[in-house]
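S.K.: My structure is in structure_26.cif, and what it holds is mmCIF, C-alpha atoms:
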data_work
#
loop_
_atom_site.label_atom_id
_atom_site.label_comp_id
_atom_site.auth_asym_id
_atom_site.auth_seq_id
_atom_site.Cartn_x
_atom_site.Cartn_y
_atom_site.Cartn_z
CA MET A 1319 35.39 10.26 -10.91
CA THR A 1320 32.77 9.06 -8.42
CA VAL A 1321 33.54 5.98 -6.32
CA HIS A 1322 30.48 3.87 -5.59
CA VAL A 1323 30.51 1.86 -2.35
CA LEU A 1324 27.89 -0.86 -2.12
CA GLY A 1325 26.74 -1.60 1.42
CA ALA A 1326 26.62 0.54 4.57
CA GLY A 1327 27.85 -2.00 7.09
CA VAL A 1328 31.20 -1.66 8.82
CA ALA A 1329 33.11 -2.65 5.65
CA GLY A 1330 31.33 -0.14 3.45
CA LEU A 1331 31.36 2.77 5.90
CA THR A 1332 35.03 2.39 6.88
CA THR A 1333 35.96 2.26 3.20
CA ALA A 1334 33.78 5.23 2.30
CA ALA A 1335 35.19 7.21 5.24
CA ARG A 1336 38.74 6.56 4.11
CA LEU A 1337 37.89 7.58 0.56
CA VAL A 1338 36.20 10.87 1.49
CA GLU A 1339 39.03 11.64 3.90
CA ALA A 1340 41.36 11.27 0.92
CA GLY A 1341 39.28 13.76 -1.06
CA ARG A 1342 37.39 11.28 -3.25
CA GLU A 1343 33.84 11.82 -4.45
CA VAL A 1344 31.92 8.96 -2.85
CA VAL A 1345 28.38 7.61 -3.02
CA VAL A 1346 27.37 4.80 -0.67
CA HIS A 1347 24.47 2.63 -1.86
CA GLU A 1348 22.55 0.84 0.90
CA ALA A 1349 19.65 -1.42 -0.03
CA SER A 1350 17.94 -1.04 3.35
CA ALA A 1351 15.98 1.98 4.53
CA GLU A 1352 18.47 2.82 7.29
CA ILE A 1353 21.85 1.89 8.70
CA GLY A 1354 21.78 -1.41 10.51
CA ALA A 1355 18.55 -2.75 9.06
CA LYS A 1356 20.30 -5.80 7.61
CA ALA A 1357 23.96 -5.37 8.51
CA ALA A 1358 25.61 -8.01 10.68
CA SER A 1359 27.76 -5.22 12.10
CA TRP A 1360 24.67 -3.67 13.73
CA LEU A 1361 24.44 -6.75 15.96
CA ALA A 1362 28.17 -7.00 16.67
CA GLY A 1363 29.75 -6.95 20.10
CA GLY A 1364 32.21 -4.21 19.19
CA MET A 1365 35.18 -5.92 20.83
CA LEU A 1366 38.57 -4.76 19.56
CA ALA A 1367 40.33 -7.84 20.86
CA PRO A 1368 43.09 -9.00 18.50
CA TYR A 1369 44.95 -11.09 21.08
CA CYS A 1370 41.81 -12.99 22.10
CA GLU A 1371 40.65 -13.48 18.52
CA ALA A 1372 44.05 -14.94 17.63
CA ALA A 1373 43.12 -17.93 19.81
CA THR A 1374 41.00 -19.20 16.91
CA ALA A 1375 42.50 -17.25 14.00
CA GLU A 1376 45.94 -16.55 12.58
CA PRO A 1377 48.34 -14.42 14.67
CA SER A 1378 48.55 -12.13 11.64
CA ILE A 1379 45.38 -10.36 12.81
CA ILE A 1380 47.07 -8.96 15.91
CA GLU A 1381 49.03 -6.03 14.49
CA PRO A 1382 46.29 -4.76 12.14
CA GLY A 1383 43.81 -5.25 14.96
CA LEU A 1384 45.86 -3.09 17.32
CA ASP A 1385 46.19 -0.42 14.61
CA GLY A 1386 42.42 -0.58 14.20
CA ILE A 1387 41.95 0.55 17.80
CA ASP A 1388 43.72 3.79 16.90
CA PHE A 1389 41.55 4.18 13.78
CA TRP A 1390 38.37 3.95 15.81
CA SER A 1391 39.68 6.15 18.61
CA GLU A 1392 40.05 9.00 16.12
CA ARG A 1393 36.44 8.65 14.95
CA THR A 1394 34.23 7.35 17.76
CA PRO A 1395 34.36 6.80 21.56
CA VAL A 1396 36.51 3.77 22.41
CA ALA A 1397 36.97 2.26 25.87
CA ARG A 1398 40.57 1.08 26.26
CA LYS A 1399 39.99 -1.07 29.32
CA GLY A 1400 41.20 -4.46 28.10
CA THR A 1401 39.45 -7.82 28.02
CA LEU A 1402 38.94 -10.27 30.88
CA VAL A 1403 38.84 -14.00 30.07
CA LEU A 1404 37.34 -16.25 32.74
CA ALA A 1405 36.50 -19.87 33.35
CA ALA A 1406 34.80 -21.68 36.21
CA PRO A 1407 37.20 -23.67 38.41
CA ARG A 1408 36.03 -26.94 36.80
CA ASP A 1409 36.99 -25.48 33.40
CA ALA A 1410 40.47 -24.36 34.45
CA ALA A 1411 42.00 -26.49 31.69
CA ASP A 1412 40.16 -24.38 29.11
CA LEU A 1413 41.73 -21.24 30.58
CA ARG A 1414 45.20 -22.78 30.37
CA GLN A 1415 44.63 -23.79 26.76
CA PHE A 1416 43.40 -20.30 25.88
CA ALA A 1417 46.50 -18.80 27.48
CA ALA A 1418 48.75 -21.16 25.52
CA ARG A 1419 47.14 -20.12 22.23
CA THR A 1420 47.45 -16.37 22.86
CA ARG A 1421 49.85 -13.68 23.99
CA GLY A 1422 49.50 -10.18 25.39
CA HIS A 1423 47.94 -11.30 28.68
CA ARG A 1424 48.78 -11.64 32.32
CA LEU A 1425 47.37 -14.18 34.76
CA LEU A 1426 45.21 -12.79 37.57
CA ASP A 1427 44.34 -14.45 40.85
CA ALA A 1428 41.00 -14.07 42.61
CA ASP A 1429 42.02 -10.87 44.39
CA ALA A 1430 43.18 -9.25 41.15
CA VAL A 1431 39.91 -10.23 39.43
CA ALA A 1432 37.95 -8.61 42.27
CA GLU A 1433 40.06 -5.45 42.02
CA LEU A 1434 39.48 -5.20 38.28
CA GLU A 1435 35.77 -6.12 38.34
CA PRO A 1436 34.37 -5.81 41.90
CA ASP A 1437 31.04 -7.42 40.99
CA LEU A 1438 32.89 -10.64 40.11
CA ALA A 1439 34.60 -10.84 43.52
CA GLY A 1440 34.69 -14.38 44.92
CA ARG A 1441 33.32 -15.95 41.75
CA PHE A 1442 36.49 -16.89 39.85
CA ARG A 1443 39.87 -18.11 41.06
CA GLN A 1444 41.86 -17.08 38.00
CA ALA A 1445 41.54 -15.02 34.85
CA LEU A 1446 43.53 -13.77 31.89
CA PHE A 1447 43.71 -10.02 31.39
CA TYR A 1448 44.50 -8.55 27.96
CA ALA A 1449 45.23 -4.94 28.91
CA ASP A 1450 45.84 -3.60 25.38
CA GLU A 1451 42.43 -4.53 24.01
CA ALA A 1452 39.40 -2.25 23.81
CA HIS A 1453 35.72 -2.07 22.89
CA LEU A 1454 33.19 0.30 21.36
CA ASP A 1455 29.46 0.55 20.73
CA PRO A 1456 28.98 -0.60 17.10
CA ARG A 1457 25.81 1.42 16.58
CA THR A 1458 27.44 4.62 17.74
CA ALA A 1459 30.49 3.86 15.59
CA LEU A 1460 28.43 3.30 12.43
CA ALA A 1461 26.46 6.51 13.05
CA ARG A 1462 29.69 8.46 13.55
CA LEU A 1463 31.12 7.13 10.29
CA ARG A 1464 27.95 8.02 8.39
CA ALA A 1465 28.11 11.56 9.82
CA ARG A 1466 31.78 11.82 8.91
CA ILE A 1467 31.01 10.85 5.32
CA ASP A 1468 28.24 13.45 5.14
CA GLU A 1469 30.42 16.18 6.65
CA ARG A 1470 33.12 15.63 4.03
CA GLY A 1471 30.79 15.80 1.08
CA GLY A 1472 30.02 12.11 0.57
CA THR A 1473 26.53 10.80 -0.08
CA VAL A 1474 24.73 7.85 1.52
CA LEU A 1475 21.72 6.64 -0.46
CA PHE A 1476 19.25 4.37 1.33
CA GLY A 1477 16.91 2.09 -0.57
CA SER A 1478 19.53 1.93 -3.34
CA GLN A 1479 19.87 -1.72 -4.35
CA VAL A 1480 22.35 -1.88 -7.23
CA GLU A 1481 24.84 -4.30 -8.75
CA PRO A 1482 28.46 -3.41 -9.60
CA GLY A 1483 27.67 -3.60 -13.32
CA ALA A 1484 25.39 -0.59 -13.04
CA PHE A 1485 28.42 1.70 -13.02
CA ALA A 1486 30.28 0.84 -16.20
CA GLY A 1487 33.85 2.08 -16.09
CA GLU A 1488 33.48 3.74 -12.68
CA ALA A 1489 35.21 2.60 -9.51
CA VAL A 1490 33.08 0.33 -7.33
CA VAL A 1491 33.80 -1.17 -3.91
CA ASP A 1492 31.45 -4.08 -3.20
CA CYS A 1493 30.98 -4.35 0.58
CA ARG A 1494 27.63 -6.15 0.64
CA GLY A 1495 28.86 -9.05 2.74
CA ILE A 1496 27.32 -12.34 1.69
CA GLY A 1497 25.52 -10.41 -1.05
CA ALA A 1498 28.84 -9.73 -2.78
CA LYS A 1499 28.77 -13.36 -3.98
CA ALA A 1500 32.56 -13.62 -3.97
CA GLU A 1501 33.86 -17.09 -4.82
CA GLY A 1502 34.28 -19.21 -1.70
CA LEU A 1503 32.22 -16.91 0.51
CA ARG A 1504 29.85 -18.65 2.93
CA GLY A 1505 27.48 -17.54 5.65
CA VAL A 1506 27.94 -18.11 9.39
CA ARG A 1507 24.89 -17.30 11.44
CA GLY A 1508 25.47 -15.32 14.64
CA GLU A 1509 22.88 -14.61 17.31
CA MET A 1510 22.90 -12.18 20.22
CA VAL A 1511 20.85 -10.79 23.10
CA LEU A 1512 20.81 -7.28 24.55
CA ILE A 1513 19.95 -7.11 28.24
CA ARG A 1514 19.80 -4.41 30.93
CA SER A 1515 20.84 -5.14 34.50
CA ARG A 1516 20.61 -2.80 37.47
CA ASP A 1517 22.44 -5.32 39.66
CA VAL A 1518 25.64 -6.06 37.73
CA ARG A 1519 28.35 -3.64 36.65
CA LEU A 1520 31.22 -4.52 34.33
CA ASP A 1521 33.76 -2.06 32.94
CA ARG A 1522 35.17 -4.21 30.15
CA PRO A 1523 34.24 -7.15 27.92
CA VAL A 1524 34.27 -10.50 29.66
CA ARG A 1525 34.76 -13.77 27.81
CA LEU A 1526 33.50 -16.81 29.65
CA LEU A 1527 35.09 -20.07 28.56
CA HIS A 1528 32.56 -22.85 28.86
CA PRO A 1529 32.52 -26.29 27.18
CA ARG A 1530 28.95 -25.74 25.95
CA TRP A 1531 28.36 -22.01 26.00
CA PRO A 1532 31.53 -20.00 25.37
CA ILE A 1533 30.27 -16.42 25.22
CA TYR A 1534 31.26 -12.82 25.64
CA ILE A 1535 29.45 -10.07 27.50
CA VAL A 1536 30.17 -6.50 26.46
CA PRO A 1537 29.07 -3.55 28.63
CA ARG A 1538 27.40 -0.54 27.07
CA GLU A 1539 25.91 2.58 28.61
CA GLU A 1540 23.08 2.69 31.16
CA GLY A 1541 23.46 -0.89 32.38
CA VAL A 1542 23.05 -2.48 28.95
CA PHE A 1543 25.05 -5.56 28.01
CA MET A 1544 25.43 -7.35 24.71
CA VAL A 1545 25.58 -11.13 25.15
CA GLY A 1546 26.87 -13.10 22.18
CA ALA A 1547 27.35 -14.88 20.08
CA THR A 1548 26.59 -18.19 18.45
CA MET A 1549 28.50 -19.44 15.41
CA ILE A 1550 26.32 -21.66 13.23
CA GLU A 1551 27.31 -22.74 9.74
CA SER A 1552 24.14 -21.54 8.09
CA GLU A 1553 22.93 -18.76 5.81
CA ARG A 1554 19.42 -19.02 7.23
CA VAL A 1555 17.86 -15.67 8.01
CA GLY A 1556 15.21 -15.02 10.62
CA PRO A 1557 14.93 -14.42 14.36
CA ILE A 1558 17.11 -15.97 17.03
CA THR A 1559 16.29 -19.57 17.92
CA LEU A 1560 15.02 -20.66 21.32
CA ARG A 1561 18.07 -22.90 21.81
CA SER A 1562 20.48 -20.04 21.19
CA ALA A 1563 18.54 -17.70 23.47
CA VAL A 1564 18.62 -20.27 26.28
CA GLU A 1565 22.35 -20.91 25.84
CA LEU A 1566 23.29 -17.24 25.76
CA LEU A 1567 21.17 -16.36 28.78
CA SER A 1568 22.31 -19.43 30.70
CA ALA A 1569 25.92 -18.42 30.13
CA ALA A 1570 25.19 -14.89 31.39
CA PHE A 1571 23.64 -16.42 34.51
CA ALA A 1572 26.74 -18.59 34.94
CA LEU A 1573 28.89 -15.46 34.92
CA HIS A 1574 26.76 -13.80 37.58
CA PRO A 1575 23.42 -15.03 39.04
CA ALA A 1576 22.15 -11.46 39.30
CA PHE A 1577 21.72 -11.47 35.53
CA ALA A 1578 18.63 -13.62 36.21
CA GLU A 1579 16.82 -10.35 36.98
CA ALA A 1580 18.03 -8.56 33.86
CA GLU A 1581 15.57 -7.20 31.31
CA ILE A 1582 15.75 -8.62 27.78
CA LEU A 1583 15.78 -5.61 25.48
CA GLU A 1584 16.46 -7.15 22.09
CA THR A 1585 17.43 -10.35 20.34
CA GLY A 1586 18.93 -10.58 16.90
CA ALA A 1587 20.50 -12.83 14.31
CA ALA A 1588 22.54 -12.10 11.21
CA CYS A 1589 24.56 -13.92 8.58
CA ARG A 1590 28.27 -13.13 8.82
CA PRO A 1591 30.25 -13.61 5.58
CA ALA A 1592 33.35 -15.80 5.80
CA PHE A 1593 35.91 -17.48 3.57
CA ALA A 1594 37.36 -20.91 4.33
CA ASP A 1595 40.18 -19.45 6.46
CA ASN A 1596 37.77 -17.07 8.25
CA LEU A 1597 39.89 -14.08 7.21
CA PRO A 1598 38.71 -11.16 5.07
CA ARG A 1599 39.94 -10.39 1.58
CA VAL A 1600 40.17 -7.46 -0.80
CA ILE A 1601 40.00 -8.55 -4.46
CA ARG A 1602 40.10 -6.25 -7.49
CA GLN A 1603 38.82 -7.19 -10.91
CA GLY A 1604 39.05 -4.19 -13.21
CA PRO A 1605 37.11 -1.29 -11.69
CA VAL A 1606 35.41 -3.46 -9.06
CA VAL A 1607 37.02 -3.98 -5.67
CA THR A 1608 35.37 -6.62 -3.49
CA PHE A 1609 35.90 -6.30 0.26
CA ALA A 1610 34.31 -9.29 2.00
CA GLY A 1611 34.72 -12.05 4.56
CA LEU A 1612 35.02 -10.11 7.81
CA TYR A 1613 33.34 -13.01 9.65
CA ARG A 1614 33.45 -12.20 13.39
CA HIS A 1615 36.30 -9.70 12.99
CA GLY A 1616 34.26 -6.83 11.53
CA PHE A 1617 35.19 -3.89 13.73
CA LEU A 1618 38.60 -5.37 14.48
CA LEU A 1619 39.86 -5.76 10.91
CA ALA A 1620 37.71 -3.36 8.88
CA PRO A 1621 40.15 -0.46 9.40
CA ALA A 1622 43.08 -2.39 7.91
CA LEU A 1623 41.10 -3.92 5.05
CA SER A 1624 39.36 -0.65 4.21
CA ALA A 1625 42.78 0.97 3.81
CA ARG A 1626 43.69 -1.80 1.37
CA ALA A 1627 40.42 -1.35 -0.53
CA ALA A 1628 40.97 2.41 -0.75
CA GLU A 1629 44.46 1.78 -2.10
CA GLU A 1630 43.06 -0.50 -4.79
CA VAL A 1631 40.63 2.25 -5.78
CA ARG A 1632 43.49 4.75 -5.95
CA SER A 1633 45.49 2.41 -8.21
CA PHE A 1634 42.54 1.99 -10.57
CA LEU A 1635 41.81 5.72 -10.75
CA GLU A 1636 45.42 6.62 -11.43
CA ALA A 1637 45.60 4.06 -14.22
CA ALA A 1638 42.26 5.05 -15.76
#
Can you turn what I pasted into structure tokens?
M.R.:
Amino acid sequence: MTVHVLGAGVAGLTTAARLVEAGREVVVHEASAEIGAKAASWLAGGMLAPYCEAATAEPSIIEPGLDGIDFWSERTPVARKGTLVLAAPRDAADLRQFAARTRGHRLLDADAVAELEPDLAGRFRQALFYADEAHLDPRTALARLRARIDERGGTVLFGSQVEPGAFAGEAVVDCRGIGAKAEGLRGVRGEMVLIRSRDVRLDRPVRLLHPRWPIYIVPREEGVFMVGATMIESERVGPITLRSAVELLSAAFALHPAFAEAEILETGAACRPAFADNLPRVIRQGPVVTFAGLYRHGFLLAPALSARAAEEVRSFLEAA
């Protein structure tokens, strides 16, 4: 029996990859003309940072998040270089509070920060280093998953906008994000900027704690950095706002003044689906499995939740 996966974002592609790897016949239906055209995961930072994310989420995300790093490492390039969390000296209290809410870190002094990231030498007195965290390029990861699905006999159909009811009696996994219309699902708008700097080098994601502009900066290849991301309770679509652009770029400048000369390559905004607790869910009703609510934990938690979704599909097929 064919399994139909609706949506080719990180939820849909991780689920489809697991299903084809298990020998299932899979068709992925993506309403857009190409991967990433509407997916929030296309604009993601790609941080695999369970310890840091637990500062504002439940500690239960840590273990599945760490397992997710292994999932991605088997399928796409992953940089296991940790995460650096910084704050200006005047915001030292924010750094202490972040440390108190998390584990898996060690405290660095100014010399240790300079050793880890030479371009930040002399700029920060203290930092938290989460050595077991990692990061990836989301766009490369999505492309690798799509190729993996193709190689194992799966099908990805673009321009295929369908509802779960179109496949009566067949297994369906609804991974359309906010479009899944699951009860209690809301939209949280996130905005980002891609820049290129020839004057700043970073080897790992840096989170800058700031009372107005808490941001992260994630390095990619060829001097490109992703700067993100806002969290606005809104399902409004459309380009990034001027206010958000100013805040993100101001925070990058606060991290290192040389970012003032960076080139702005791209801006983007997307609606991230979230439940009230900001944690994802897998819900099965008959033949339809809904996998939604990844919020800002898309690449971090998709591996664990996609395994759960695939298991729900297996249970349905065996009972059918």
S.K.: Report as a ChimeraX atom specification all protein, DNA and RNA residues lying within 10 Å of Asp1429 in chain A, evaluated on only C-alpha atoms, omitting residues in the same chain fewer than 3 positions from it.
M.R.: /A:1426,1432-1436,1439-1440,1442-1444
S.K.: Mind checking which residues fall within 12 Å of range 1601-1608 of chain A, counting all atoms listed in the file, ignoring those fewer than 6 positions away in the same chain, and posting them as a ChimeraX atom specification?
M.R.: /A:1319-1325,1329-1330,1333,1481-1501,1503,1623-1624,1626-1638
S.K.: Apply the PyMOL selection byres ((chain A and resi 1612) around 9) to the structure shown and report the selected residues as a VMD selection string.
M.R.: chain A and resid 1329 1495 1590 to 1593 1596 to 1599 1609 to 1611 1613 to 1620
S.K.: CA of Leu1583 in chain A and CA of Pro1456 in chain A, how far apart in Å?
M.R.: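 Here the two named atoms are 16.4 Å from each other.
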S.K.: Carefully work through the PyMOL selection byres ((chain A and resi 1560) around 12) for this structure and note down the residues it includes, as a compact mmCIF listing (two decimals) with C-alpha atoms, in the coordinates of the input.
M.R.:
# COMPACT_ATOMS: atom_id res chain seq x y z
CA GLU A 1509 22.88 -14.61 17.31
CA MET A 1510 22.90 -12.18 20.22
CA VAL A 1511 20.85 -10.79 23.10
CA PRO A 1557 14.93 -14.42 14.36
CA ILE A 1558 17.11 -15.97 17.03
CA THR A 1559 16.29 -19.57 17.92
CA ARG A 1561 18.07 -22.90 21.81
CA SER A 1562 20.48 -20.04 21.19
CA ALA A 1563 18.54 -17.70 23.47
CA VAL A 1564 18.62 -20.27 26.28
CA GLU A 1565 22.35 -20.91 25.84
CA LEU A 1566 23.29 -17.24 25.76
CA LEU A 1567 21.17 -16.36 28.78
CA SER A 1568 22.31 -19.43 30.70
CA THR A 1585 17.43 -10.35 20.34
CA GLY A 1586 18.93 -10.58 16.90
CA ALA A 1587 20.50 -12.83 14.31
S.K.: Mind checking which residues fall within 8 Å of range 1521-1531 of chain A, counting all atoms listed in the file, ignoring those fewer than 5 positions away in the same chain, and posting them as a JSON list (two decimals) with C-alpha atoms, in the frame of the given file?
M.R.:
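See result12.json below for the written result:
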[["chain", "number", "residue", "atom", "x", "y", "z"],
["A", 1365, "MET", "CA", 35.18, -5.92, 20.83],
["A", 1397, "ALA", "CA", 36.97, 2.26, 25.87],
["A", 1399, "LYS", "CA", 39.99, -1.07, 29.32],
["A", 1400, "GLY", "CA", 41.20, -4.46, 28.10],
["A", 1401, "THR", "CA", 39.45, -7.82, 28.02],
["A", 1402, "LEU", "CA", 38.94, -10.27, 30.88],
["A", 1403, "VAL", "CA", 38.84, -14.00, 30.07],
["A", 1404, "LEU", "CA", 37.34, -16.25, 32.74],
["A", 1405, "ALA", "CA", 36.50, -19.87, 33.35],
["A", 1406, "ALA", "CA", 34.80, -21.68, 36.21],
["A", 1409, "ASP", "CA", 36.99, -25.48, 33.40],
["A", 1412, "ASP", "CA", 40.16, -24.38, 29.11],
["A", 1413, "LEU", "CA", 41.73, -21.24, 30.58],
["A", 1435, "GLU", "CA", 35.77, -6.12, 38.34],
["A", 1452, "ALA", "CA", 39.40, -2.25, 23.81],
["A", 1453, "HIS", "CA", 35.72, -2.07, 22.89],
["A", 1536, "VAL", "CA", 30.17, -6.50, 26.46],
["A", 1537, "PRO", "CA", 29.07, -3.55, 28.63],
["A", 1565, "GLU", "CA", 22.35, -20.91, 25.84],
["A", 1566, "LEU", "CA", 23.29, -17.24, 25.76],
["A", 1569, "ALA", "CA", 25.92, -18.42, 30.13],
["A", 1573, "LEU", "CA", 28.89, -15.46, 34.92]]
S.K.: To verify the selection step, state as a PyMOL selection string which residues the PyMOL selection byres ((chain A and resi 1417) around 12) yields on this input.
M.R.: chain A and resi 1369-1374+1402-1405+1410-1416+1418-1426+1444-1448+1527
S.K.: Convert the current residue selection to file output with C-alpha atoms, as a CSV table (one decimal), in the frame of the given file.
M.R.:
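Ended up saving to selection.csv:
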chain,number,residue,atom,x,y,z
A,1369,TYR,CA,45.0,-11.1,21.1
A,1370,CYS,CA,41.8,-13.0,22.1
A,1371,GLU,CA,40.6,-13.5,18.5
A,1372,ALA,CA,44.0,-14.9,17.6
A,1373,ALA,CA,43.1,-17.9,19.8
A,1374,THR,CA,41.0,-19.2,16.9
A,1402,LEU,CA,38.9,-10.3,30.9
A,1403,VAL,CA,38.8,-14.0,30.1
A,1404,LEU,CA,37.3,-16.2,32.7
A,1405,ALA,CA,36.5,-19.9,33.4
A,1410,ALA,CA,40.5,-24.4,34.4
A,1411,ALA,CA,42.0,-26.5,31.7
A,1412,ASP,CA,40.2,-24.4,29.1
A,1413,LEU,CA,41.7,-21.2,30.6
A,1414,ARG,CA,45.2,-22.8,30.4
A,1415,GLN,CA,44.6,-23.8,26.8
A,1416,PHE,CA,43.4,-20.3,25.9
A,1418,ALA,CA,48.8,-21.2,25.5
A,1419,ARG,CA,47.1,-20.1,22.2
A,1420,THR,CA,47.4,-16.4,22.9
A,1421,ARG,CA,49.8,-13.7,24.0
A,1422,GLY,CA,49.5,-10.2,25.4
A,1423,HIS,CA,47.9,-11.3,28.7
A,1424,ARG,CA,48.8,-11.6,32.3
A,1425,LEU,CA,47.4,-14.2,34.8
A,1426,LEU,CA,45.2,-12.8,37.6
A,1444,GLN,CA,41.9,-17.1,38.0
A,1445,ALA,CA,41.5,-15.0,34.8
A,1446,LEU,CA,43.5,-13.8,31.9
A,1447,PHE,CA,43.7,-10.0,31.4
A,1448,TYR,CA,44.5,-8.6,28.0
A,1527,LEU,CA,35.1,-20.1,28.6
S.K.: To one decimal place, how far is CA of Asp1388 in chain A from CA of Pro1621 in chain A in Å?
M.R.: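 Taking CA of Asp1388 in chain A as the start and CA of Pro1621 in chain A as the end point, the length is 9.3 Å.
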S.K.: What does the distance from CA of Val1346 in chain A to CA of Ala1367 in chain A come to in Å, to one decimal?
M.R.: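 Rounded to one decimal, the two atoms are 28.1 Å apart.
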S.K.: Choose the residue, out of A:Gly1505, A:Gly1327, A:Gly1341, A:Pro1407, that has the smallest atom-to-atom separation from Gly1472 in chain A; count only C-alpha atoms.
M.R.: A:Gly1341
S.K.: Smallest atom-to-atom distance to Asp1455 in chain A: which of A:Trp1360, A:Phe1476, A:Tyr1534, A:Phe1577, using all atoms listed in the file?
M.R.: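 Residue with the minimum atom-to-atom distance to Asp1455 in chain A: A:Trp1360.
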S.K.: Tell me which of A:Arg1464, A:Arg1342, A:Val1506, A:Ala1622 sits closest to Ile1387 in chain A, counting all atoms listed in the file.
M.R.: A:Ala1622
S.K.: Find the residues near Thr1394 in chain A: any atom within 10 Å, counting all atoms listed in the file, skip ones fewer than 4 places away on the same chain, and give them as a list in words.
M.R.: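 Contacts, with the query itself left out: Phe1389, Trp1390, Leu1454, Asp1455, Pro1456, Thr1458, Ala1459, Leu1460, Ala1461, Arg1462 and Leu1463 of chain A.
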S.K.: Taking only C-alpha atoms into account, name the residue in A:Ala1580, A:Ala1358, A:Val1474, A:Ala1625 that is nearest to Val1555 in chain A.
M.R.: A:Ala1358
S.K.: Just range 1544-1594 of chain A, please, as a PDB file, in the first residue's frame (only C-alpha atoms).
M.R.:
ATOM      1  CA  MET A1544      22.416  33.129   8.818  1.00  0.00           C
ATOM      2  CA  VAL A1545      21.212  35.719  11.350  1.00  0.00           C
ATOM      3  CA  GLY A1546      17.940  34.929  13.097  1.00  0.00           C
ATOM      4  CA  ALA A1547      15.387  34.894  14.240  1.00  0.00           C
ATOM      5  CA  THR A1548      12.398  36.838  15.448  1.00  0.00           C
ATOM      6  CA  MET A1549       9.475  35.163  17.213  1.00  0.00           C
ATOM      7  CA  ILE A1550       6.231  37.027  16.569  1.00  0.00           C
ATOM      8  CA  GLU A1551       2.828  35.608  17.458  1.00  0.00           C
ATOM      9  CA  SER A1552       1.352  36.064  14.016  1.00  0.00           C
ATOM     10  CA  GLU A1553       0.325  34.001  11.005  1.00  0.00           C
ATOM     11  CA  ARG A1554       0.894  36.947   8.683  1.00  0.00           C
ATOM     12  CA  VAL A1555       2.767  36.051   5.535  1.00  0.00           C
ATOM     13  CA  GLY A1556       4.930  38.389   3.504  1.00  0.00           C
ATOM     14  CA  PRO A1557       8.457  39.783   3.498  1.00  0.00           C
ATOM     15  CA  ILE A1558      10.523  40.606   6.554  1.00  0.00           C
ATOM     16  CA  THR A1559       9.632  43.862   8.292  1.00  0.00           C
ATOM     17  CA  LEU A1560      11.972  46.838   8.520  1.00  0.00           C
ATOM     18  CA  ARG A1561      11.953  46.645  12.331  1.00  0.00           C
ATOM     19  CA  SER A1562      13.029  43.012  12.320  1.00  0.00           C
ATOM     20  CA  ALA A1563      15.733  43.653   9.738  1.00  0.00           C
ATOM     21  CA  VAL A1564      17.137  46.510  11.831  1.00  0.00           C
ATOM     22  CA  GLU A1565      17.095  44.437  15.024  1.00  0.00           C
ATOM     23  CA  LEU A1566      18.756  41.407  13.463  1.00  0.00           C
ATOM     24  CA  LEU A1567      21.459  43.443  11.756  1.00  0.00           C
ATOM     25  CA  SER A1568      22.032  45.587  14.842  1.00  0.00           C
ATOM     26  CA  ALA A1569      22.561  42.454  16.909  1.00  0.00           C
ATOM     27  CA  ALA A1570      25.068  41.125  14.354  1.00  0.00           C
ATOM     28  CA  PHE A1571      26.925  44.443  14.593  1.00  0.00           C
ATOM     29  CA  ALA A1572      26.887  44.137  18.387  1.00  0.00           C
ATOM     30  CA  LEU A1573      28.569  40.750  18.102  1.00  0.00           C
ATOM     31  CA  HIS A1574      31.297  42.124  15.857  1.00  0.00           C
ATOM     32  CA  PRO A1575      31.512  45.624  14.279  1.00  0.00           C
ATOM     33  CA  ALA A1576      33.068  44.170  11.121  1.00  0.00           C
ATOM     34  CA  PHE A1577      29.639  42.809  10.215  1.00  0.00           C
ATOM     35  CA  ALA A1578      28.815  46.421   9.272  1.00  0.00           C
ATOM     36  CA  GLU A1579      30.600  45.731   5.975  1.00  0.00           C
ATOM     37  CA  ALA A1580      28.795  42.456   5.309  1.00  0.00           C
ATOM     38  CA  GLU A1581      26.711  41.975   2.171  1.00  0.00           C
ATOM     39  CA  ILE A1582      23.001  41.274   2.639  1.00  0.00           C
ATOM     40  CA  LEU A1583      22.257  38.271   0.440  1.00  0.00           C
ATOM     41  CA  GLU A1584      18.696  37.400   1.385  1.00  0.00           C
ATOM     42  CA  THR A1585      15.930  38.149   3.839  1.00  0.00           C
ATOM     43  CA  GLY A1586      13.021  35.886   4.597  1.00  0.00           C
ATOM     44  CA  ALA A1587      10.016  35.278   6.796  1.00  0.00           C
ATOM     45  CA  ALA A1588       7.911  32.200   7.424  1.00  0.00           C
ATOM     46  CA  CYS A1589       5.134  31.010   9.696  1.00  0.00           C
ATOM     47  CA  ARG A1590       6.296  28.302  12.099  1.00  0.00           C
ATOM     48  CA  PRO A1591       3.542  25.998  13.417  1.00  0.00           C
ATOM     49  CA  ALA A1592       3.312  25.614  17.189  1.00  0.00           C
ATOM     50  CA  PHE A1593       1.034  24.177  19.847  1.00  0.00           C
ATOM     51  CA  ALA A1594       0.473  25.867  23.214  1.00  0.00           C
TER      52      ALA A1594
END
